[in-house]
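Q: See coords.txt below, with compact mmCIF, C-alpha atoms and all ligand atoms.
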```txt
# COMPACT_ATOMS: atom_id res chain seq x y z
CA MET U 58 91.88 16.11 101.79
CA ASN U 59 89.10 16.58 99.32
CA LEU U 60 91.12 18.23 96.59
CA PHE U 61 93.39 15.23 96.42
CA LYS U 62 90.40 13.00 95.75
CA VAL U 63 89.24 15.40 93.09
CA ILE U 64 92.50 15.03 91.26
CA ILE U 65 92.44 11.28 91.27
CA TYR U 66 88.90 11.27 90.00
CA PHE U 67 89.71 13.77 87.31
CA ILE U 68 92.67 11.83 86.03
CA LYS U 69 90.89 8.53 86.06
CA THR U 70 88.25 9.98 83.86
CA ALA U 71 90.63 11.86 81.58
CA SER U 72 90.56 9.31 78.77
CA LEU U 73 93.78 7.60 79.70
CA GLY U 74 92.44 4.14 79.03
CA ASN U 75 93.97 1.77 81.54
CA ALA U 76 97.00 4.04 82.11
CA CYS U 77 95.62 5.22 85.39
CA VAL U 78 97.92 7.75 86.98
CA GLU U 79 97.81 8.84 90.57
CA PHE U 80 99.25 11.92 92.13
CA GLU U 81 99.88 12.47 95.75
CA PHE U 82 100.46 15.63 97.63
CA SER U 83 104.15 16.06 98.05
CA ARG U 84 104.86 19.35 99.75
CA GLU U 85 104.77 23.05 99.48
CA ILE U 86 107.80 24.47 97.79
CA SER U 87 109.49 27.81 97.59
CA ALA U 88 109.55 29.66 94.30
CA SER U 89 113.33 29.60 94.31
CA ASP U 90 113.46 25.81 94.06
CA SER U 91 115.21 24.86 90.87
CA ILE U 92 112.77 22.98 88.70
CA GLN U 93 112.48 22.16 85.05
CA VAL U 94 109.24 23.74 83.93
CA ILE U 95 107.63 22.07 80.92
CA SER U 96 104.64 24.38 80.61
CA SER U 97 102.63 26.92 82.57
CA TYR U 98 98.92 27.64 82.72
CA THR U 99 96.84 30.38 84.28
CA GLY U 100 93.55 29.64 85.97
CA SER U 101 90.88 31.38 87.98
CA SER U 102 90.94 29.25 91.12
CA LYS U 103 92.85 26.46 92.78
CA GLU U 104 90.33 23.93 91.48
CA ASP U 105 90.67 25.36 88.00
CA LEU U 106 94.44 24.99 88.19
CA PHE U 107 94.13 21.37 89.26
CA GLY U 108 91.89 20.79 86.31
CA LEU U 109 94.36 22.41 83.92
CA CYS U 110 97.60 20.92 85.14
CA ALA U 111 96.76 17.40 86.30
CA PRO U 112 95.56 16.13 82.91
CA ARG U 113 98.36 17.95 81.10
CA CYS U 114 100.88 16.24 83.28
CA SER U 115 99.28 12.86 82.83
CA LEU U 116 99.37 13.23 79.04
CA ASP U 117 102.90 14.62 78.69
CA MET U 118 105.36 11.78 79.17
CA ALA U 119 108.05 14.19 80.29
CA CYS U 120 105.97 15.41 83.22
CA ASN U 121 106.53 13.89 86.63
CA ALA U 122 104.81 16.46 88.78
CA PHE U 123 102.94 19.72 88.76
CA ASP U 124 102.95 22.78 90.97
CA ILE U 125 99.96 24.83 91.96
CA CYS U 126 100.99 28.38 92.78
CA ILE U 127 98.13 30.23 94.38
CA GLU U 128 99.86 33.58 94.60
CA ASN U 129 99.69 34.28 90.86
CA LEU U 130 97.05 31.64 90.08
CA GLN U 131 99.40 29.66 87.92
CA CYS U 132 100.15 26.01 87.64
CA ARG U 133 103.14 24.49 85.95
CA THR U 134 103.93 21.01 84.77
CA ILE U 135 107.47 20.06 85.57
CA ARG U 136 110.00 17.33 85.56
CA GLY U 137 109.38 16.82 89.20
CA TRP U 138 111.22 15.34 92.01
CA THR U 139 110.87 14.79 95.69
CA PRO U 140 111.64 17.38 98.31
CA ILE U 141 115.17 18.57 98.26
CA LEU U 142 116.00 20.19 101.51
CA PRO U 143 114.06 20.50 104.69
CA GLY U 144 114.56 24.12 105.62
CA ASN U 145 114.55 25.23 102.01
CA VAL U 146 110.78 25.23 102.03
CA SER U 147 108.83 28.44 102.17
CA ALA U 148 105.30 27.26 102.77
CA GLY U 149 102.37 28.78 101.00
CA LEU U 150 103.85 29.65 97.62
CA CYS U 151 103.34 26.49 95.61
CA GLN U 152 102.09 23.01 96.28
CA ARG U 153 103.72 20.20 94.40
CA HIS U 154 101.78 17.14 93.36
CA GLN U 155 103.86 14.27 92.28
CA MET U 156 103.50 10.86 90.70
CA GLU U 157 103.10 8.30 93.41
CA CYS U 158 106.19 6.30 94.17
CA ASP U 159 106.76 3.94 97.07
CA ASP U 160 110.43 4.66 97.60
CA GLY U 161 110.13 8.39 97.89
CA TYR U 162 111.48 9.07 94.45
CA TYR U 163 109.66 10.25 91.37
CA TYR U 164 107.98 8.11 88.79
CA ASP U 165 109.82 7.62 85.51
CA ARG U 166 106.87 7.57 83.19
CA GLU U 167 108.74 6.54 80.07
CA LYS U 168 110.08 3.44 81.78
CA GLU U 169 107.11 2.99 84.07
CA THR U 170 109.35 2.51 87.05
CA CYS U 171 110.25 4.40 90.16
CA ALA U 172 113.56 6.02 89.39
CA SER U 173 116.06 7.33 91.84
CA HIS U 174 117.39 10.82 91.54
CA GLU U 175 120.84 11.25 92.95
CA TYR U 176 122.28 14.45 94.28
CA CYS U 177 125.17 15.78 96.32
CA ASP U 178 124.22 18.79 98.37
CA PHE U 179 127.07 18.20 100.81
CA GLU U 180 124.72 18.99 103.71
CA ASP U 181 125.56 15.74 105.46
CA ASP U 182 128.77 13.77 105.62
CA PRO U 183 128.31 11.09 104.56
CA GLU U 184 125.25 11.93 102.44
CA SER U 185 123.18 8.94 101.37
CA SER U 186 121.96 10.54 98.15
CA CYS U 187 125.46 11.51 97.02
CA PHE U 188 127.21 9.66 94.23
CA LEU U 189 130.63 11.34 94.46
CA SER U 190 133.74 10.56 96.46
CA GLU U 191 137.31 11.82 96.62
CA SER U 192 139.62 10.44 93.99
CA THR U 193 143.09 9.25 94.94
CA ALA U 194 144.37 9.73 91.39
CA ASP U 195 145.06 13.42 91.98
CA GLU U 196 147.18 15.75 94.09
CA PHE U 197 144.76 16.93 96.77
CA ASP U 198 141.16 16.74 98.02
CA TRP U 199 138.07 18.88 97.86
CA THR U 200 137.04 20.44 101.20
CA ARG U 201 133.51 20.38 102.61
CA HIS U 202 132.80 23.79 104.06
CA THR U 203 130.15 26.21 105.31
CA GLY U 204 130.29 30.02 105.23
CA ARG U 205 133.05 32.02 103.61
CA THR U 206 136.40 30.52 102.74
CA GLY U 207 139.52 31.46 104.67
CA SER U 208 140.99 33.79 102.06
CA THR U 209 139.76 37.20 100.95
CA ASP U 210 138.82 38.03 97.36
CA THR U 211 138.21 34.42 96.47
CA GLY U 212 135.65 31.71 97.05
CA PRO U 213 131.96 31.97 97.99
CA THR U 214 130.66 33.65 101.13
CA SER U 215 127.94 31.02 101.59
CA ALA U 216 126.64 27.82 100.03
CA GLY U 217 124.86 27.77 96.67
CA SER U 218 122.19 25.56 98.27
CA GLY U 219 121.62 24.87 101.94
CA HIS U 220 124.59 25.50 104.21
CA TYR U 221 127.45 23.34 102.98
CA TYR U 222 129.37 23.10 99.71
CA LYS U 223 132.62 21.68 98.44
CA TYR U 224 135.57 23.72 97.24
CA ILE U 225 139.26 23.57 96.63
CA GLU U 226 141.28 25.42 99.23
CA ILE U 227 144.51 26.29 97.52
CA SER U 228 146.35 28.35 100.09
CA PRO U 229 148.72 25.55 101.21
CA ILE U 230 152.01 26.52 99.64
CA ALA U 231 153.02 22.89 99.20
CA LEU U 232 150.61 22.65 96.29
CA VAL U 233 152.11 23.66 92.98
CA GLU U 234 150.11 25.33 90.23
CA ASN U 235 147.88 22.95 88.27
CA SER U 236 147.58 20.51 91.15
CA ARG U 237 144.26 18.70 90.72
CA ALA U 238 141.47 17.78 93.11
CA ILE U 239 139.07 15.25 91.60
CA LEU U 240 135.69 14.01 92.73
CA GLU U 241 134.59 10.81 91.02
CA THR U 242 131.41 8.78 90.86
CA THR U 243 131.12 5.66 92.93
CA LYS U 244 128.08 4.02 91.34
CA THR U 245 127.57 1.81 88.32
CA PHE U 246 125.53 3.46 85.60
CA GLN U 247 123.08 2.08 83.11
CA ASP U 248 123.90 2.27 79.43
CA LYS U 249 122.15 5.54 78.58
CA THR U 250 122.29 9.33 78.66
CA TYR U 251 122.05 11.15 81.97
CA CYS U 252 121.60 14.83 82.66
CA LEU U 253 123.93 16.52 85.11
CA THR U 254 123.06 19.84 86.76
CA MET U 255 124.92 21.76 89.45
CA TYR U 256 125.93 25.09 90.91
CA TYR U 257 129.48 26.36 90.62
CA HIS U 258 131.38 29.33 91.97
CA MET U 259 134.71 30.50 90.54
CA TYR U 260 135.84 33.75 92.08
CA GLY U 261 139.40 35.04 92.36
CA ALA U 262 142.07 36.64 90.19
CA THR U 263 144.06 33.43 89.79
CA THR U 264 141.15 31.01 89.38
CA LYS U 265 142.23 28.13 87.20
CA SER U 266 139.74 25.62 85.82
CA LEU U 267 136.81 23.34 86.55
CA LEU U 268 136.06 20.39 84.28
CA ILE U 269 133.31 17.79 84.05
CA GLN U 270 134.69 14.70 82.40
CA THR U 271 133.80 11.09 81.81
CA LYS U 272 136.34 8.30 81.84
CA LYS U 273 135.71 4.83 80.53
CA GLY U 274 137.98 2.19 82.02
CA ASN U 275 141.58 3.11 81.29
CA ASP U 276 140.73 5.42 78.39
CA ALA U 277 141.76 9.07 78.52
CA PRO U 278 139.09 11.30 80.11
CA ILE U 279 136.69 13.12 77.80
CA THR U 280 135.80 16.70 78.75
CA HIS U 281 132.10 17.60 78.43
CA TRP U 282 132.08 20.98 80.13
CA GLN U 283 134.66 23.40 81.48
CA ARG U 284 135.11 26.91 82.82
CA SER U 285 138.39 28.72 83.30
CA GLY U 286 139.32 31.93 85.05
CA ASP U 287 137.56 34.37 87.34
CA GLN U 288 133.77 34.31 86.89
CA GLY U 289 133.03 36.88 89.61
CA ASN U 290 131.64 36.42 93.10
CA SER U 291 128.46 34.53 92.15
CA TRP U 292 127.01 31.07 92.12
CA TYR U 293 126.03 29.99 88.62
CA GLN U 294 123.62 27.26 87.71
CA LEU U 295 124.79 24.80 85.13
CA SER U 296 121.41 23.91 83.71
CA GLY U 297 122.34 20.60 82.13
CA VAL U 298 125.13 18.58 80.56
CA ASN U 299 124.28 15.37 78.76
CA LEU U 300 126.54 12.50 79.73
CA THR U 301 126.37 9.15 77.98
CA LEU U 302 127.31 6.59 80.59
CA ASP U 303 127.58 2.84 81.03
CA SER U 304 128.79 0.35 83.61
CA GLN U 305 132.46 1.05 82.78
CA THR U 306 132.28 4.85 82.86
CA LYS U 307 132.86 7.29 85.70
CA ILE U 308 132.11 10.99 85.96
CA LEU U 309 134.98 13.19 87.15
CA PHE U 310 134.89 16.73 88.57
CA GLU U 311 138.36 18.17 88.26
CA ALA U 312 139.40 21.51 89.77
CA LYS U 313 142.88 22.88 89.26
CA LYS U 314 144.92 25.13 91.51
CA GLY U 315 145.87 28.50 90.11
CA SER U 316 149.14 30.42 90.49
CA SER U 317 148.19 32.08 93.79
CA PHE U 318 145.80 31.77 96.72
CA THR U 319 142.97 33.68 94.97
CA GLY U 320 141.69 30.66 93.10
CA ASP U 321 139.07 28.93 95.24
CA ILE U 322 136.62 26.90 93.13
CA ALA U 323 133.37 25.65 94.65
CA ILE U 324 130.49 23.39 93.61
CA ASP U 325 127.16 22.67 95.25
CA TYR U 326 123.98 20.74 94.67
CA VAL U 327 125.19 18.42 91.96
CA GLU U 328 122.27 16.43 90.55
CA LEU U 329 122.20 13.48 88.22
CA TRP U 330 118.98 12.75 86.36
CA PRO U 331 118.45 9.38 84.69
CA TYR U 332 117.44 10.86 81.34
CA ALA U 333 118.78 13.30 78.75
CA CYS U 334 118.54 17.00 79.55
CA PRO U 335 115.30 18.59 78.43
CA CA R 1 124.77 22.53 99.84
CA CA R 2 141.88 13.62 96.03
```
Kindly transcribe the structure held in the file into structure tokens.
Ligand SMILES: [Ca+2]
Ligand SMILES: [Ca+2]
A:
Amino acid sequence: MNLFKVIIYFIKTASLGNACVEFEFSREISASDSIQVISSYTGSSKEDLFGLCAPRCSLDMACNAFDICIENLQCRTIRGWTPILPGNVSAGLCQRHQMECDDGYYYDREKETCASHEYCDFEDDPESSCFLSESTADEFDWTRHTGRTGSTDTGPTSAGSGHYYKYIEISPIALVENSRAILETTKTFQDKTYCLTMYYHMYGATTKSLLIQTKKGNDAPITHWQRSGDQGNSWYQLSGVNLTLDSQTKILFEAKKGSSFTGDIAIDYVELWPYACP
């Protein structure tokens, strides 16, 4: 793969001193992949785009990867990460080149380490990348599901990403209004700010509320983000909530049951980035 060698050569000679940075070909991605674009450049050829984006990415500490998009002859430096979903890839639109990392994750340039990026796409059960589990300090559980929910006029008709998502099914009459279903984190965090992104869907006349909270030890939870009421039949992307975490703190996702069955609340593709939101 000659172009790959060109990149390495270019970067090694791009006045980085001994901070030699290598990129490796990662994959082709679809344009609909959610990425955090830092900057975009237009070139005249694929080689030109390599020349524009590779050195930019190596100089910008926020950049972990860059995409070459042949269709519109653009490249973009991004906060990059490894492939998300097999099957979500539409070959031929963009090629992603990413900082080399042995464990399959992206390179955290500010810390000069390979950092893991955790996500819950709910495509598998259990899902090795997922950092959430059902809480027992609540009244009911979230449901993993594919396709439309069982009730009309509420809930999504398909996943926000891939095929599966999680939602609260609130038709059981035994559940009183304001019953809570909570997902909580299972991992121990470092003492720093993380960025949380996700998709949410809140459709139905009696939709109650969805909260993202943190809870330190036995302290009362702190709410960092919330939505209440009917948001229409759409998936929305929550582009980033900063959460300051430490070894004693958990993240909670709390959904509440509304007054009737038209209150399904769904989430999908929850991601946790080990740095503050851009
Ligand atoms: Ca999913
Ligand atoms: Ca529960």
Q: Quick one: pull the distance between CA of Asp210 in chain U and CA of Ile227 in chain U, Å, one decimal.
A: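 Separation between CA of Asp210 in chain U and CA of Ile227 in chain U: 13.0 Å.
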Q: Taking all atoms listed in the file into account, name the residue in U:Glu104, U:Asp195, U:Asp287, U:Asp182 that is nearest to ligand CA 1 (chain R).
A: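 Among U:Glu104, U:Asp195, U:Asp287, U:Asp182, it is U:Asp182 that comes nearest to ligand CA 1 (chain R).
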Q: Using all atoms listed in the file, determine which residues fall within 9 Å of ligand CA 1 (chain R), then list them as JSON, numbers by chain.
A: {"U": [177, 178, 179, 180, 181, 203, 216, 217, 218, 219, 220, 221, 222, 223, 324, 325, 326, 327]}
Q: Can you work out the spacing between CA of Phe123 in chain U and CA of Leu106 in chain U in Å, to one decimal?
A: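 Computing the Euclidean distance for CA of Phe123 in chain U and CA of Leu106 in chain U yields 10.0 Å.
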Q: Just how far from CA of Glu241 in chain U is CA of Thr193 in chain U, in Å to one decimal?
A: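 It comes out at 9.5 Å.
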Q: Please return as a VMD selection string the residues found within 7 Å of ligand CA 2 (chain R), counting all atoms listed in the file.
A: chain U and resid 191 to 199 238 to 239
Q: I want to know what sits within 7 Å of range 308-315 of chain U, based on all atoms listed in the file, with residues of the same chain fewer than 2 positions away left out; could you give that as JSON, numbers by chain?
A: {"U": [227, 234, 235, 236, 237, 238, 239, 240, 241, 242, 263, 264, 265, 266, 267, 268, 269, 270, 271, 272, 306, 317, 320, 322]}
Q: Tell me which protein, DNA and RNA residues are within 10 Å of Arg205 in chain U, counting all atoms listed in the file, leaving out same-chain ones fewer than 6 positions away, and put them as an MDAnalysis selection string.
A: chainID U and resid 211:216
Q: Compute the distance from (98.0, 17.8, 88.0) to each atom, counting all atoms listed in the file, keep the residues with any atom at most 8 Å away, and return them as an mmCIF file with C-alpha atoms, in the coordinates of the input; use the coordinates of the file.
A:
```
data_model
loop_
_atom_site.group_PDB
_atom_site.id
_atom_site.type_symbol
_atom_site.label_atom_id
_atom_site.label_comp_id
_atom_site.auth_asym_id
_atom_site.auth_seq_id
_atom_site.Cartn_x
_atom_site.Cartn_y
_atom_site.Cartn_z
ATOM 1 C CA ILE U 64 92.500 15.030 91.260
ATOM 2 C CA PHE U 80 99.250 11.920 92.130
ATOM 3 C CA PHE U 107 94.130 21.370 89.260
ATOM 4 C CA GLY U 108 91.890 20.790 86.310
ATOM 5 C CA LEU U 109 94.360 22.410 83.920
ATOM 6 C CA CYS U 110 97.600 20.920 85.140
ATOM 7 C CA ALA U 111 96.760 17.400 86.300
ATOM 8 C CA PRO U 112 95.560 16.130 82.910
ATOM 9 C CA ARG U 113 98.360 17.950 81.100
ATOM 10 C CA CYS U 114 100.880 16.240 83.280
ATOM 11 C CA SER U 115 99.280 12.860 82.830
ATOM 12 C CA ALA U 122 104.810 16.460 88.780
ATOM 13 C CA PHE U 123 102.940 19.720 88.760
ATOM 14 C CA ASP U 124 102.950 22.780 90.970
ATOM 15 C CA THR U 134 103.930 21.010 84.770
ATOM 16 C CA HIS U 154 101.780 17.140 93.360
#
```
Q: I need the residue nearest Ser291 in chain U from this list: U:Ile279, U:Cys120, U:Ala323, U:Cys187. Use all atoms listed in the file for the distance.
A: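 Between U:Ile279, U:Cys120, U:Ala323, U:Cys187, the residue approaching Ser291 in chain U most closely is U:Ala323.
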Q: From the list U:Ser186, U:Ser304, U:Asn275, U:Thr243, which residue is nearest Glu328 in chain U when using only C-alpha atoms?
A: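 Of the candidates, the smallest distance to Glu328 in chain U is held by U:Ser186.
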Q: Nearest to Tyr293 in chain U among U:Gly100, U:Lys273, U:Gln305, U:Met255, with distances taken over all atoms listed in the file: which residue is it?
A: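 Answer, going by the shortest atom-to-atom distance: U:Met255.
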Q: Could you tell me which of U:Pro335, U:Pro278, U:Gly289, U:Gly207 comes closest to His258 in chain U if we count all atoms listed in the file?
A: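 Checking each of U:Pro335, U:Pro278, U:Gly289, U:Gly207 against His258 in chain U, counting all atoms listed in the file, the winner is U:Gly289.
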Q: Can you take the partial range 187-220 of chain U, add N, CA and C atoms, and return it as a CSV table (one decimal), in the coordinates of the input?
A:
```
chain,number,residue,atom,x,y,z
U,187,CYS,N,124.3,11.0,97.8
U,187,CYS,CA,125.5,11.5,97.0
U,187,CYS,C,126.2,10.4,96.3
U,188,PHE,N,126.6,10.7,95.1
U,188,PHE,CA,127.2,9.7,94.2
U,188,PHE,C,128.7,10.0,93.9
U,189,LEU,N,129.3,10.9,94.7
U,189,LEU,CA,130.6,11.3,94.5
U,189,LEU,C,131.5,11.0,95.7
U,190,SER,N,132.8,10.7,95.4
U,190,SER,CA,133.7,10.6,96.5
U,190,SER,C,135.1,11.1,96.0
U,191,GLU,N,136.0,11.3,96.9
U,191,GLU,CA,137.3,11.8,96.6
U,191,GLU,C,138.1,10.8,95.8
U,192,SER,N,138.7,11.3,94.8
U,192,SER,CA,139.6,10.4,94.0
U,192,SER,C,141.0,10.4,94.7
U,193,THR,N,141.7,9.3,94.5
U,193,THR,CA,143.1,9.2,94.9
U,193,THR,C,144.1,9.4,93.8
U,194,ALA,N,143.5,9.5,92.6
U,194,ALA,CA,144.4,9.7,91.4
U,194,ALA,C,144.5,11.2,91.1
U,195,ASP,N,144.9,12.0,92.1
U,195,ASP,CA,145.1,13.4,92.0
U,195,ASP,C,146.0,13.9,93.0
U,196,GLU,N,146.2,15.2,93.2
U,196,GLU,CA,147.2,15.8,94.1
U,196,GLU,C,146.6,16.2,95.4
U,197,PHE,N,145.3,16.5,95.5
U,197,PHE,CA,144.8,16.9,96.8
U,197,PHE,C,143.3,16.7,96.8
U,198,ASP,N,142.6,17.0,97.9
U,198,ASP,CA,141.2,16.7,98.0
U,198,ASP,C,140.3,18.0,98.0
U,199,TRP,N,139.1,17.8,97.7
U,199,TRP,CA,138.1,18.9,97.9
U,199,TRP,C,137.8,19.0,99.4
U,200,THR,N,137.3,20.2,99.8
U,200,THR,CA,137.0,20.4,101.2
U,200,THR,C,135.6,20.7,101.3
U,201,ARG,N,134.9,20.0,102.3
U,201,ARG,CA,133.5,20.4,102.6
U,201,ARG,C,133.5,21.5,103.6
U,202,HIS,N,132.7,22.5,103.3
U,202,HIS,CA,132.8,23.8,104.1
U,202,HIS,C,131.4,24.5,104.2
U,203,THR,N,131.3,25.3,105.2
U,203,THR,CA,130.2,26.2,105.3
U,203,THR,C,130.6,27.6,105.6
U,204,GLY,N,129.9,28.6,105.1
U,204,GLY,CA,130.3,30.0,105.2
U,204,GLY,C,131.4,30.4,104.3
U,205,ARG,N,132.0,31.5,104.5
U,205,ARG,CA,133.0,32.0,103.6
U,205,ARG,C,134.3,31.2,103.7
U,206,THR,N,135.1,31.2,102.7
U,206,THR,CA,136.4,30.5,102.7
U,206,THR,C,137.4,31.4,103.5
U,207,GLY,N,138.5,30.8,103.8
U,207,GLY,CA,139.5,31.5,104.7
U,207,GLY,C,140.3,32.6,104.0
U,208,SER,N,140.2,32.8,102.7
U,208,SER,CA,141.0,33.8,102.1
U,208,SER,C,140.1,34.9,101.6
U,209,THR,N,140.6,36.1,101.5
U,209,THR,CA,139.8,37.2,101.0
U,209,THR,C,139.9,37.2,99.4
U,210,ASP,N,138.9,37.8,98.8
U,210,ASP,CA,138.8,38.0,97.4
U,210,ASP,C,138.8,36.7,96.6
U,211,THR,N,138.3,35.7,97.2
U,211,THR,CA,138.2,34.4,96.5
U,211,THR,C,137.2,33.5,97.2
U,212,GLY,N,136.6,32.7,96.5
U,212,GLY,CA,135.6,31.7,97.0
U,212,GLY,C,134.3,32.3,97.4
U,213,PRO,N,133.3,31.5,97.6
U,213,PRO,CA,132.0,32.0,98.0
U,213,PRO,C,131.9,32.4,99.4
U,214,THR,N,130.9,33.2,99.7
U,214,THR,CA,130.7,33.6,101.1
U,214,THR,C,129.6,32.7,101.8
U,215,SER,N,128.9,32.0,101.0
U,215,SER,CA,127.9,31.0,101.6
U,215,SER,C,127.7,30.0,100.5
U,216,ALA,N,126.9,28.9,100.9
U,216,ALA,CA,126.6,27.8,100.0
U,216,ALA,C,125.7,28.2,98.9
U,217,GLY,N,125.8,27.5,97.8
U,217,GLY,CA,124.9,27.8,96.7
U,217,GLY,C,123.5,27.2,97.0
U,218,SER,N,123.4,26.2,97.8
U,218,SER,CA,122.2,25.6,98.3
U,218,SER,C,122.4,25.1,99.7
U,219,GLY,N,121.5,25.3,100.6
U,219,GLY,CA,121.6,24.9,101.9
U,219,GLY,C,122.7,25.6,102.6
U,220,HIS,N,123.5,24.9,103.4
U,220,HIS,CA,124.6,25.5,104.2
U,220,HIS,C,126.0,25.1,103.8
```
